[in-house]
>>> print(open('run38.tsv').read())   # TSV, C-alpha atoms and all ligand atoms
chain	number	residue	atom	x	y	z
A	222	MET	CA	0.00	0.00	0.00
A	223	ALA	CA	1.42	3.36	-0.96
A	224	TYR	CA	2.18	5.82	1.77
A	225	LYS	CA	-0.39	8.62	1.87
A	226	ARG	CA	0.97	12.13	2.18
A	227	ASP	CA	-0.45	14.65	4.59
A	228	TYR	CA	-3.16	16.75	2.92
A	229	TYR	CA	-1.76	20.02	4.26
A	230	GLU	CA	1.65	19.08	2.98
A	231	ILE	CA	0.20	18.30	-0.45
A	232	LEU	CA	-1.43	21.73	-0.69
A	233	GLU	CA	1.67	23.35	0.85
A	234	ILE	CA	-0.32	25.15	3.51
A	235	ASP	CA	-0.28	25.67	7.24
A	236	ARG	CA	-2.53	23.52	9.42
A	237	ASN	CA	-4.34	26.67	10.52
A	238	ALA	CA	-5.00	27.85	6.98
A	239	ASN	CA	-8.47	29.33	6.50
A	240	ALA	CA	-10.92	28.42	3.75
A	241	ASP	CA	-9.66	31.17	1.46
A	242	GLU	CA	-6.03	30.17	1.80
A	243	ILE	CA	-6.94	26.55	1.08
A	244	LYS	CA	-8.83	27.54	-2.05
A	245	LYS	CA	-5.99	29.75	-3.26
A	246	ALA	CA	-3.36	27.08	-2.70
A	247	TYR	CA	-5.53	24.52	-4.49
A	248	ARG	CA	-6.09	26.77	-7.52
A	249	LYS	CA	-2.42	27.53	-7.86
A	250	LEU	CA	-1.38	23.87	-7.73
A	251	ALA	CA	-4.28	22.58	-9.80
A	252	GLN	CA	-3.32	25.00	-12.57
A	253	LYS	CA	0.31	23.99	-12.40
A	254	TYR	CA	-0.36	20.25	-12.58
A	255	HIS	CA	-3.45	20.26	-14.77
A	256	PRO	CA	-3.33	17.33	-17.23
A	257	ASP	CA	-4.03	19.66	-20.16
A	258	LYS	CA	-0.79	21.47	-19.46
A	259	ASN	CA	1.26	18.36	-18.79
A	260	ARG	CA	0.13	15.91	-21.41
A	261	GLY	CA	1.65	12.44	-21.06
A	262	ASP	CA	3.41	13.30	-17.83
A	263	GLY	CA	2.41	10.51	-15.42
A	264	ASP	CA	3.91	12.22	-12.39
A	265	SER	CA	1.90	15.38	-12.94
A	266	GLU	CA	-1.23	13.33	-13.36
A	267	GLU	CA	-0.64	11.59	-10.04
A	268	LYS	CA	0.10	14.91	-8.40
A	269	PHE	CA	-3.08	16.42	-9.83
A	270	LYS	CA	-5.15	13.57	-8.39
A	271	GLU	CA	-3.46	13.98	-5.03
A	272	ILE	CA	-4.18	17.72	-5.00
A	273	ASN	CA	-7.83	17.14	-5.80
A	274	GLU	CA	-8.24	14.54	-3.09
A	275	ALA	CA	-6.60	16.78	-0.49
A	276	TYR	CA	-8.80	19.69	-1.48
A	277	SER	CA	-12.01	17.64	-1.44
A	278	ILE	CA	-11.38	16.89	2.23
A	279	LEU	CA	-9.94	20.19	3.46
A	280	CYS	CA	-12.57	22.37	1.79
A	281	ASP	CA	-15.32	20.56	3.68
A	282	GLU	CA	-15.51	21.75	7.27
A	283	GLU	CA	-16.71	18.43	8.66
A	284	LYS	CA	-14.34	16.25	6.72
A	285	ARG	CA	-11.46	18.54	7.59
A	286	ALA	CA	-12.30	18.30	11.30
A	287	ALA	CA	-12.37	14.50	11.03
A	288	TYR	CA	-9.07	14.49	9.18
A	289	ASP	CA	-7.50	16.83	11.75
A	290	ARG	CA	-8.50	14.49	14.51
A	291	PHE	CA	-7.93	11.08	13.00
A	292	GLY	CA	-5.87	11.54	9.89
A	293	HIS	CA	-6.54	9.58	6.70
A	294	GLU	CA	-8.38	6.87	8.60
A	295	GLY	CA	-10.81	9.40	10.01
A	296	VAL	CA	-11.74	10.60	6.57
A	297	GLY	CA	-12.19	7.09	5.26
A	298	ALA	CA	-14.60	6.34	8.08
A	299	PHE	CA	-16.33	9.62	7.46
A	300	ALA	CA	-16.85	8.90	3.80
A	301	SER	CA	-18.47	5.58	4.64
A	302	GLY	CA	-20.99	7.26	6.87
A	303	GLY	CA	-19.28	7.30	10.24
A	304	GLY	CA	-20.40	10.87	10.66
A	305	GLY	CA	-23.63	11.66	12.32
A	306	GLY	CA	-26.60	10.37	14.20
A	307	PHE	CA	-26.36	12.31	17.42
A	308	GLY	CA	-29.59	13.37	19.01
A	309	PHE	CA	-30.29	16.16	21.40
A	310	GLY	CA	-28.46	15.70	24.66
A	311	ASP	CA	-26.87	12.55	23.41
A	312	ILE	CA	-23.46	12.78	24.89
A	313	PHE	CA	-20.77	10.66	26.28
A	314	GLY	CA	-21.67	7.53	24.41
A	315	ASP	CA	-19.45	9.07	21.85
A	316	PHE	CA	-15.92	8.66	23.01
A	317	PHE	CA	-13.54	8.25	20.24
A	318	GLY	CA	-12.01	5.33	22.04
A	319	ASP	CA	-8.36	4.67	21.88
A	320	ILE	CA	-7.58	6.72	18.87
A	321	PHE	CA	-5.30	8.97	20.86
A	322	SER	CA	-3.76	6.26	22.91
A	323	GLN	CA	-1.41	4.83	20.34
A	324	SER	CA	1.00	3.97	23.04
A	325	ASN	CA	4.25	5.74	23.06
A	326	LYS	CA	6.31	4.79	26.04
A	327	LYS	CA	8.46	7.89	25.86
A	328	THR	CA	5.52	10.26	26.35
A	329	LYS	CA	2.71	8.97	28.50
A	330	ARG	CA	0.83	12.18	27.93
A	331	LYS	CA	-2.48	11.50	26.24
A	332	ARG	CA	-4.89	13.98	24.79
A	333	GLY	CA	-8.42	13.80	26.20
A	334	GLU	CA	-11.31	12.57	24.08
A	335	ASP	CA	-13.32	14.91	21.88
A	336	LEU	CA	-17.01	15.08	22.71
A	337	ARG	CA	-20.11	16.03	20.77
A	338	TYR	CA	-23.23	17.72	22.00
A	339	GLY	CA	-26.43	18.53	20.13
A	340	VAL	CA	-28.20	21.85	20.74
A	341	ARG	CA	-31.61	22.81	19.39
A	342	ILE	CA	-32.32	26.52	19.02
A	343	LYS	CA	-35.16	28.67	17.74
A	344	PHE	CA	-35.13	30.23	14.29
A	345	GLU	CA	-34.85	33.74	15.75
A	346	GLU	CA	-31.99	32.67	18.00
A	347	SER	CA	-30.08	31.40	14.99
A	348	LEU	CA	-30.39	34.80	13.35
A	349	PHE	CA	-29.41	37.04	16.21
A	350	GLY	CA	-27.27	34.80	18.40
A	351	VAL	CA	-27.97	33.31	21.81
A	352	SER	CA	-26.18	32.09	24.91
A	353	LYS	CA	-27.04	28.59	26.13
A	354	GLN	CA	-26.02	26.74	29.20
A	355	ILE	CA	-25.32	23.12	28.46
A	356	LYS	CA	-24.66	20.26	30.85
A	357	TYR	CA	-22.71	17.20	29.89
A	358	ASN	CA	-20.52	14.53	31.39
A	359	ARG	CA	-16.84	14.33	30.72
A	360	TYR	CA	-13.69	12.88	32.22
A	361	GLU	CA	-11.90	15.27	34.53
A	362	THR	CA	-8.60	14.86	36.34
A	363	CYS	CA	-9.16	13.04	39.64
A	364	SER	CA	-8.62	15.60	42.38
A	365	THR	CA	-7.85	12.96	45.00
A	366	CYS	CA	-4.70	11.67	43.32
A	367	GLY	CA	-4.04	14.67	41.10
A	368	GLY	CA	-4.29	12.46	38.04
A	369	THR	CA	-1.52	10.03	38.91
A	370	GLY	CA	-3.94	7.18	39.62
A	371	ALA	CA	-1.90	6.25	42.71
A	372	LYS	CA	-3.31	6.24	46.25
A	373	LYS	CA	-2.58	9.35	48.32
A	374	GLY	CA	0.92	9.22	49.77
A	375	THR	CA	2.08	6.59	47.26
A	376	ASN	CA	3.64	7.03	43.85
A	377	ARG	CA	3.72	5.25	40.57
A	378	VAL	CA	6.72	2.94	40.62
A	379	THR	CA	9.08	1.78	37.92
A	380	CYS	CA	7.76	-1.39	36.30
A	381	PRO	CA	9.66	-4.38	37.72
A	382	VAL	CA	9.30	-6.37	34.49
A	383	CYS	CA	10.67	-3.93	31.90
A	384	HIS	CA	12.54	-1.70	34.37
A	385	GLY	CA	10.90	1.39	32.97
A	386	THR	CA	11.62	0.88	29.27
A	387	GLY	CA	8.05	-0.15	28.48
A	388	GLU	CA	9.22	-3.00	26.27
A	389	ILE	CA	10.59	-6.47	26.56
A	390	ARG	CA	13.40	-7.46	24.21
A	391	GLN	CA	13.91	-10.97	23.02
A	392	GLN	CA	16.90	-12.25	21.14
A	393	GLN	CA	16.05	-14.47	18.17
A	394	GLY	CA	19.15	-15.46	16.32
A	395	PHE	CA	20.63	-12.27	14.96
A	396	PHE	CA	17.51	-10.27	15.64
A	397	SER	CA	16.30	-8.59	18.74
A	398	ILE	CA	12.54	-8.28	18.87
A	399	ALA	CA	10.86	-5.70	21.09
A	400	ARG	CA	7.39	-6.29	22.50
A	401	THR	CA	5.27	-3.94	24.57
A	402	CYS	CA	5.59	-4.85	28.24
A	403	TYR	CA	2.59	-6.91	29.40
A	404	LYS	CA	2.82	-5.66	32.97
A	405	CYS	CA	2.74	-1.87	32.44
A	406	GLY	CA	1.24	-1.77	28.94
A	407	GLY	CA	4.27	0.14	27.69
A	408	GLU	CA	4.09	2.93	30.20
A	409	GLY	CA	7.20	1.90	32.12
A	410	GLU	CA	5.49	2.52	35.41
A	411	ILE	CA	2.84	0.70	37.41
A	412	ILE	CA	0.55	1.63	40.25
A	413	GLU	CA	0.94	-0.61	43.29
A	414	ASN	CA	-1.77	1.10	45.34
A	415	PRO	CA	-4.48	2.50	43.07
A	416	CYS	CA	-6.37	5.64	44.09
A	417	PRO	CA	-9.70	4.45	45.57
A	418	VAL	CA	-11.67	7.26	43.91
A	419	CYS	CA	-10.62	6.81	40.28
A	420	LYS	CA	-9.49	3.16	40.62
A	421	GLY	CA	-6.14	4.07	39.15
A	422	GLU	CA	-7.57	5.74	36.04
A	423	GLY	CA	-6.38	9.21	37.03
A	424	ARG	CA	-9.71	10.62	35.84
A	425	VAL	CA	-13.31	10.57	36.99
A	426	ILE	CA	-16.59	11.29	35.19
A	427	LYS	CA	-18.02	14.64	36.20
A	428	GLU	CA	-20.87	16.82	35.08
A	429	ARG	CA	-19.75	19.98	33.37
A	430	LYS	CA	-21.88	23.11	33.05
A	431	LEU	CA	-20.83	25.43	30.30
A	432	ASP	CA	-22.18	28.65	28.85
A	433	ILE	CA	-21.74	28.67	25.12
A	434	LYS	CA	-22.23	31.65	22.88
A	435	ILE	CA	-23.95	30.75	19.64
A	436	PRO	CA	-23.07	33.41	17.08
A	437	ALA	CA	-25.64	35.34	15.05
A	438	GLY	CA	-26.17	33.84	11.62
A	439	ILE	CA	-25.54	30.22	12.56
A	440	ASP	CA	-27.45	27.78	10.35
A	441	ASP	CA	-29.06	24.40	10.80
A	442	GLY	CA	-26.40	21.69	10.67
A	443	ASN	CA	-23.50	23.98	11.58
A	444	ARG	CA	-20.98	22.79	14.13
A	445	LEU	CA	-19.17	24.85	16.74
A	446	LYS	CA	-15.84	23.81	18.17
A	447	VAL	CA	-15.22	24.71	21.81
A	448	SER	CA	-11.52	24.14	22.31
A	449	GLY	CA	-10.41	22.34	25.44
A	450	GLU	CA	-13.91	21.53	26.72
A	451	GLY	CA	-13.73	17.83	25.89
A	452	SER	CA	-12.38	15.29	28.37
A	453	SER	CA	-9.23	15.96	30.37
A	454	GLY	CA	-6.02	14.51	29.07
A	455	LEU	CA	-3.99	11.89	30.91
A	456	PHE	CA	-0.67	12.50	32.59
A	457	GLY	CA	-0.61	16.17	31.70
A	458	GLY	CA	-1.88	15.71	28.16
A	459	PRO	CA	-4.12	18.43	26.73
A	460	ASN	CA	-7.90	18.35	26.94
A	461	GLY	CA	-9.97	17.19	24.00
A	462	ASP	CA	-12.41	19.55	22.30
A	463	LEU	CA	-16.17	19.82	22.48
A	464	TYR	CA	-18.10	19.92	19.23
A	465	VAL	CA	-21.58	21.44	19.39
A	466	ASP	CA	-23.93	20.43	16.59
A	467	ILE	CA	-26.65	23.00	15.95
A	468	THR	CA	-30.21	22.15	14.98
A	469	VAL	CA	-32.43	25.11	14.10
A	470	GLU	CA	-36.18	24.65	14.58
A	471	PRO	CA	-38.17	25.48	11.47
A	472	HIS	CA	-40.19	28.72	11.53
A	473	ALA	CA	-43.92	28.89	10.77
A	474	LEU	CA	-43.51	31.70	8.21
A	475	PHE	CA	-39.88	32.16	7.29
A	476	LYS	CA	-37.62	29.81	5.39
A	477	ARG	CA	-33.90	30.33	5.14
A	478	GLN	CA	-31.52	29.56	2.32
A	479	GLY	CA	-27.94	30.63	2.99
A	480	SER	CA	-28.24	34.19	4.21
A	481	ASP	CA	-31.54	34.88	2.40
A	482	ILE	CA	-34.97	34.55	3.95
A	483	PHE	CA	-38.12	33.67	2.04
A	484	ILE	CA	-41.76	34.18	2.88
A	485	SER	CA	-44.95	33.33	0.95
A	486	MET	CA	-47.48	36.13	1.17
A	487	PRO	CA	-51.09	35.48	0.18
A	488	ILE	CA	-53.02	38.45	-1.21
A	489	SER	CA	-56.61	38.66	-2.40
A	490	PHE	CA	-57.84	38.77	-6.00
A	491	SER	CA	-58.88	42.38	-5.67
A	492	GLN	CA	-55.62	43.46	-4.01
A	493	ALA	CA	-53.76	41.89	-6.92
A	494	ALA	CA	-55.99	43.44	-9.56
A	495	LEU	CA	-56.45	46.91	-8.08
A	496	GLY	CA	-53.09	47.25	-6.31
A	497	SER	CA	-52.63	47.95	-2.61
A	498	GLU	CA	-50.13	48.38	0.16
A	499	ILE	CA	-49.52	45.36	2.36
A	500	GLU	CA	-47.61	44.81	5.56
A	501	VAL	CA	-45.03	42.04	5.47
A	502	PRO	CA	-43.55	40.54	8.64
A	503	THR	CA	-39.76	40.69	8.83
A	504	VAL	CA	-37.39	38.81	11.09
A	505	ASP	CA	-36.33	41.96	12.98
A	506	ASP	CA	-39.57	41.83	14.98
A	507	GLY	CA	-41.03	44.54	12.80
A	508	LYS	CA	-43.00	44.97	9.65
A	509	SER	CA	-42.21	46.42	6.29
A	510	THR	CA	-44.75	47.83	3.88
A	511	ILE	CA	-44.61	46.89	0.24
A	512	LYS	CA	-46.59	48.32	-2.66
A	513	ILE	CA	-48.52	45.84	-4.76
A	514	THR	CA	-48.86	47.35	-8.20
A	515	PRO	CA	-52.20	46.89	-10.01
A	516	GLY	CA	-52.15	43.66	-12.04
A	517	THR	CA	-49.64	41.81	-9.84
A	518	GLN	CA	-49.52	38.11	-10.70
A	519	SER	CA	-49.10	35.09	-8.46
A	520	GLY	CA	-45.39	34.21	-8.20
A	521	THR	CA	-44.22	37.83	-8.35
A	522	GLN	CA	-41.26	38.31	-6.04
A	523	PHE	CA	-40.51	41.39	-3.97
A	524	THR	CA	-37.16	42.01	-2.30
A	525	LEU	CA	-36.40	43.66	1.02
A	526	LYS	CA	-32.67	44.36	0.83
A	527	GLY	CA	-30.64	43.65	3.95
A	528	LYS	CA	-33.54	42.06	5.85
A	529	GLY	CA	-32.21	38.52	5.55
A	530	ALA	CA	-29.95	36.55	7.87
A	531	PRO	CA	-26.64	37.91	9.12
A	532	LYS	CA	-23.49	36.08	8.10
A	533	ILE	CA	-21.34	34.49	10.80
A	534	SER	CA	-18.31	35.95	9.09
A	535	GLY	CA	-19.83	39.43	9.35
A	536	GLY	CA	-20.52	41.79	6.49
A	537	GLN	CA	-23.81	42.52	4.80
A	538	ARG	CA	-26.96	40.69	5.76
A	539	GLY	CA	-28.82	38.72	3.11
A	540	ASN	CA	-32.18	39.77	1.67
A	541	GLN	CA	-35.76	38.89	2.45
A	542	TYR	CA	-37.76	37.74	-0.55
A	543	ILE	CA	-41.55	37.90	-0.60
A	544	ASN	CA	-43.28	35.49	-2.96
A	545	ILE	CA	-46.78	36.65	-3.79
A	546	VAL	CA	-49.55	34.07	-3.86
A	547	VAL	CA	-52.78	35.40	-5.33
A	548	GLU	CA	-55.58	33.60	-3.58
A	549	THR	CA	-58.61	32.60	-5.63
A	550	PRO	CA	-61.69	33.35	-3.54
A	551	THR	CA	-63.63	30.36	-2.19
A	552	ASN	CA	-66.92	29.89	-0.28
A	553	LEU	CA	-68.58	32.71	-2.22
A	554	THR	CA	-71.85	34.20	-1.02
A	555	GLN	CA	-74.76	34.54	-3.48
A	556	LYS	CA	-73.97	38.23	-3.86
A	557	GLN	CA	-70.30	37.63	-4.54
A	558	LYS	CA	-71.17	34.98	-7.11
A	559	LYS	CA	-73.40	37.46	-8.88
A	560	LEU	CA	-70.70	40.13	-8.86
A	561	PHE	CA	-68.20	37.68	-10.35
A	562	GLU	CA	-70.66	36.75	-13.06
A	563	GLU	CA	-71.09	40.43	-13.85
A	564	LEU	CA	-67.33	40.83	-13.88
A	565	ALA	CA	-66.92	37.84	-16.20
A	566	ALA	CA	-69.42	39.36	-18.60
A	567	GLU	CA	-67.28	42.47	-18.67
A	568	ASN	CA	-64.02	40.58	-19.35
A	569	LYS	CA	-62.24	41.53	-22.56
A	570	GLU	CA	-59.15	40.12	-24.23
A	571	GLU	CA	-57.02	42.99	-22.88
A	572	THR	CA	-58.09	42.12	-19.35
A	573	HIS	CA	-56.28	38.77	-19.63
A	574	PRO	CA	-53.27	39.23	-21.93
A	575	LEU	CA	-51.63	36.01	-20.78
A	576	LYS	CA	-54.68	33.97	-21.66
A	577	LYS	CA	-54.95	35.73	-25.01
A	578	SER	CA	-51.34	35.07	-25.97
A	579	PHE	CA	-51.73	31.43	-24.93
A	580	LEU	CA	-54.80	31.00	-27.11
A	581	ASP	CA	-53.01	32.73	-30.00
A	582	LYS	CA	-50.15	30.25	-29.69
A	583	ILE	CA	-52.55	27.31	-29.77
A	584	LYS	CA	-54.16	28.70	-32.91
A	585	SER	CA	-50.77	29.03	-34.60
A	586	ILE	CA	-50.00	25.36	-33.93
A	587	ILE	CA	-53.27	23.95	-35.22
B	1	ZN	ZN	-7.57	9.28	41.63
B	2	ZN	ZN	6.75	-2.70	32.10
>>> encode(input="run38.tsv", output="structure tokens", more="lines below")
Ligand SMILES: [Zn+2]
Ligand SMILES: [Zn+2]
Amino acid sequence: MAYKRDYYEILEIDRNANADEIKKAYRKLAQKYHPDKNRGDGDSEEKFKEINEAYSILCDEEKRAAYDRFGHEGVGAFASGGGGGFGFGDIFGDFFGDIFSQSNKKTKRKRGEDLRYGVRIKFEESLFGVSKQIKYNRYETCSTCGGTGAKKGTNRVTCPVCHGTGEIRQQQGFFSIARTCYKCGGEGEIIENPCPVCKGEGRVIKERKLDIKIPAGIDDGNRLKVSGEGSSGLFGGPNGDLYVDITVEPHALFKRQGSDIFISMPISFSQAALGSEIEVPTVDDGKSTIKITPGTQSGTQFTLKGKGAPKISGGQRGNQYINIVVETPTNLTQKQKKLFEELAAENKEETHPLKKSFLDKIKSII
């Protein structure tokens, strides 16, 4: 199996590169190695494929996060659907296991697990931001033993089997084979008297309360990363991160697409025919007035500039679009029926130009 290069290395960018920098780097390299420019050059072709693969992962926020955490394996799992399925409040069943514990006897430090938490917010909250207090369980350093896992007053001692090296060497002919020490699991130290509180783990499960600020403009399906709020690390290792998955409740009137907001606005037959001024609800708990010109058709769209959703990145807000639905009257009274009949008798071709042009087209076909 060929060795897979690091995606950041392939795109020649920093691990902290932002979306723009990633895009720029990709464009530059993709142009350089494009098959059209390097016909018959197998190396360039390989390179071009590599660049595309790296970009397909790093340009996607979720895939990039998975790759950052677990490397190539993480993305493979992601692609095969290892991604989602976390309900509201579903937490702690989701430890990423031993991914960080690839034992390294030289550094016992282990990074804490990343955690995920689902938060449901109202449509309005997603537009203008909200603070939420969340409660979840995570591993925290055991305060009784200070994280050593050893009973108070005792210490971790050098492993008597491997004498602290973490491995056992065996001579086989010319070769010396090293195996991880069975007694200490490669750590080089053992606990003779485990801490009674954490049973030697060095960590205990505790409830954590945390106020999180959800920024204005966040959208359904977005994910927030709260650095360092995952589980505590082991032996001085850094904390994991907390990932907050946002679900936005649908609104009864407004629908959002990107930073634009849409609303369907029913108006009556006579309003459409005669023209009128109507009040339209907007998301900034106010109303805007729009002018319906005489002869407005169903499907006509009006725009309120800057009344859409804010963008997380800042800058101009999106627009609000009003889609007009002309409502055909129903449940007519006798009098209304009569008036409509009178109206129908008055109808001329010019009154319904659409209908006329349609009929003209039919005639031209036949
Ligand atoms: Zn303890
Ligand atoms: Zn040992």
>>> axis_aligned_box(input="run38.tsv", around="range 472-477 of chain A", padding_each_side="5 Å", output="JSON")
{"center_x": -38.9, "center_y": 30.4, "center_z": 8.3, "size_x": 20.0, "size_y": 13.4, "size_z": 16.4}
>>> residues_near_point(input="run38.tsv", point="(-27.1, 44.1, 0.5)", cutoff="8 Å", atoms="all atoms listed in the file", output="list of chain:residue names")
A:Lys526, A:Gly527, A:Gln537, A:Arg538, A:Gly539, A:Asn540
>>> write_last_selection(input="run38.tsv", atoms="C-alpha atoms", output="short mmCIF file (atom, residue, chain, number, x, y, z; two decimals), in the coordinates of the input")
data_model
loop_
_atom_site.label_atom_id
_atom_site.label_comp_id
_atom_site.auth_asym_id
_atom_site.auth_seq_id
_atom_site.Cartn_x
_atom_site.Cartn_y
_atom_site.Cartn_z
CA LYS A 526 -32.67 44.36 0.83
CA GLY A 527 -30.64 43.65 3.95
CA GLN A 537 -23.81 42.52 4.80
CA ARG A 538 -26.96 40.69 5.76
CA GLY A 539 -28.82 38.72 3.11
CA ASN A 540 -32.18 39.77 1.67
#
>>> closest_atom_pairs(input="run38.tsv", of="chain A", to="ligand ZN 2 (chain B)", cutoff="7 Å", atoms="only C-alpha atoms and all ligand atoms", output="JSON lines")
{"residue": "A:Cys380", "atom": "CA", "partner": "B:ZN2", "partner_atom": "ZN", "distance": 4.5}
{"residue": "A:Pro381", "atom": "CA", "partner": "B:ZN2", "partner_atom": "ZN", "distance": 6.5}
{"residue": "A:Val382", "atom": "CA", "partner": "B:ZN2", "partner_atom": "ZN", "distance": 5.1}
{"residue": "A:Cys383", "atom": "CA", "partner": "B:ZN2", "partner_atom": "ZN", "distance": 4.1}
{"residue": "A:His384", "atom": "CA", "partner": "B:ZN2", "partner_atom": "ZN", "distance": 6.3}
{"residue": "A:Gly385", "atom": "CA", "partner": "B:ZN2", "partner_atom": "ZN", "distance": 5.9}
{"residue": "A:Thr386", "atom": "CA", "partner": "B:ZN2", "partner_atom": "ZN", "distance": 6.7}
{"residue": "A:Gly387", "atom": "CA", "partner": "B:ZN2", "partner_atom": "ZN", "distance": 4.6}
{"residue": "A:Glu388", "atom": "CA", "partner": "B:ZN2", "partner_atom": "ZN", "distance": 6.3}
{"residue": "A:Cys402", "atom": "CA", "partner": "B:ZN2", "partner_atom": "ZN", "distance": 4.6}
{"residue": "A:Tyr403", "atom": "CA", "partner": "B:ZN2", "partner_atom": "ZN", "distance": 6.5}
{"residue": "A:Lys404", "atom": "CA", "partner": "B:ZN2", "partner_atom": "ZN", "distance": 5.0}
{"residue": "A:Cys405", "atom": "CA", "partner": "B:ZN2", "partner_atom": "ZN", "distance": 4.1}
{"residue": "A:Gly406", "atom": "CA", "partner": "B:ZN2", "partner_atom": "ZN", "distance": 6.4}
{"residue": "A:Gly407", "atom": "CA", "partner": "B:ZN2", "partner_atom": "ZN", "distance": 5.8}
{"residue": "A:Glu408", "atom": "CA", "partner": "B:ZN2", "partner_atom": "ZN", "distance": 6.5}
{"residue": "A:Gly409", "atom": "CA", "partner": "B:ZN2", "partner_atom": "ZN", "distance": 4.6}
{"residue": "A:Glu410", "atom": "CA", "partner": "B:ZN2", "partner_atom": "ZN", "distance": 6.3}
>>> residues_around(input="run38.tsv", residues="range 345-347 of chain A", least_positions_apart="3", cutoff="10 Å", atoms="all atoms listed in the file", output="ChimeraX atom specification")
/A:341-342,350-352,435-441,467-472,475,504-506,530-531
>>> closest_residue(input="run38.tsv", among="A:Arg390, A:Arg477, A:Lys577, A:Lys430", to="Lys528 in chain A", atoms="all atoms listed in the file")
A:Arg477
>>> atom_distance(input="run38.tsv", atom1="CA of Pro256 in chain A", atom2="CA of Lys284 in chain A")
26.4 Å
>>> closest_residue(input="run38.tsv", among="A:Pro459, A:Cys280, A:Thr503, A:Lys532", to="Gln478 in chain A", atoms="all atoms listed in the file")
A:Lys532
>>> closest_residue(input="run38.tsv", among="A:Gly536, A:Gly457, A:Gly292, A:Pro417", to="ligand ZN 1 (chain B)", atoms="all atoms listed in the file")
A:Pro417
>>> closest_residue(input="run38.tsv", among="A:Gly261, A:Ile355, A:Thr369, A:Gly451", to="Ile433 in chain A", atoms="all atoms listed in the file")
A:Ile355
>>> closest_residue(input="run38.tsv", among="A:Leu575, A:Ile513, A:Ile234, A:Cys366", to="Leu495 in chain A", atoms="all atoms listed in the file")
A:Ile513
>>> closest_residue(input="run38.tsv", among="A:Val501, A:Ile243, A:Ala566, A:Val418", to="ligand ZN 1 (chain B)", atoms="all atoms listed in the file")
A:Val418
>>> residues_near_ligand(input="run38.tsv", ligand="ligand ZN 1 (chain B)", cutoff="9 Å", atoms="all atoms listed in the file", output="MDAnalysis selection string")
chainID A and resid 362:373 415:425
>>> atom_distance(input="run38.tsv", atom1="CA of His573 in chain A", atom2="CA of Thr517 in chain A")
12.2 Å
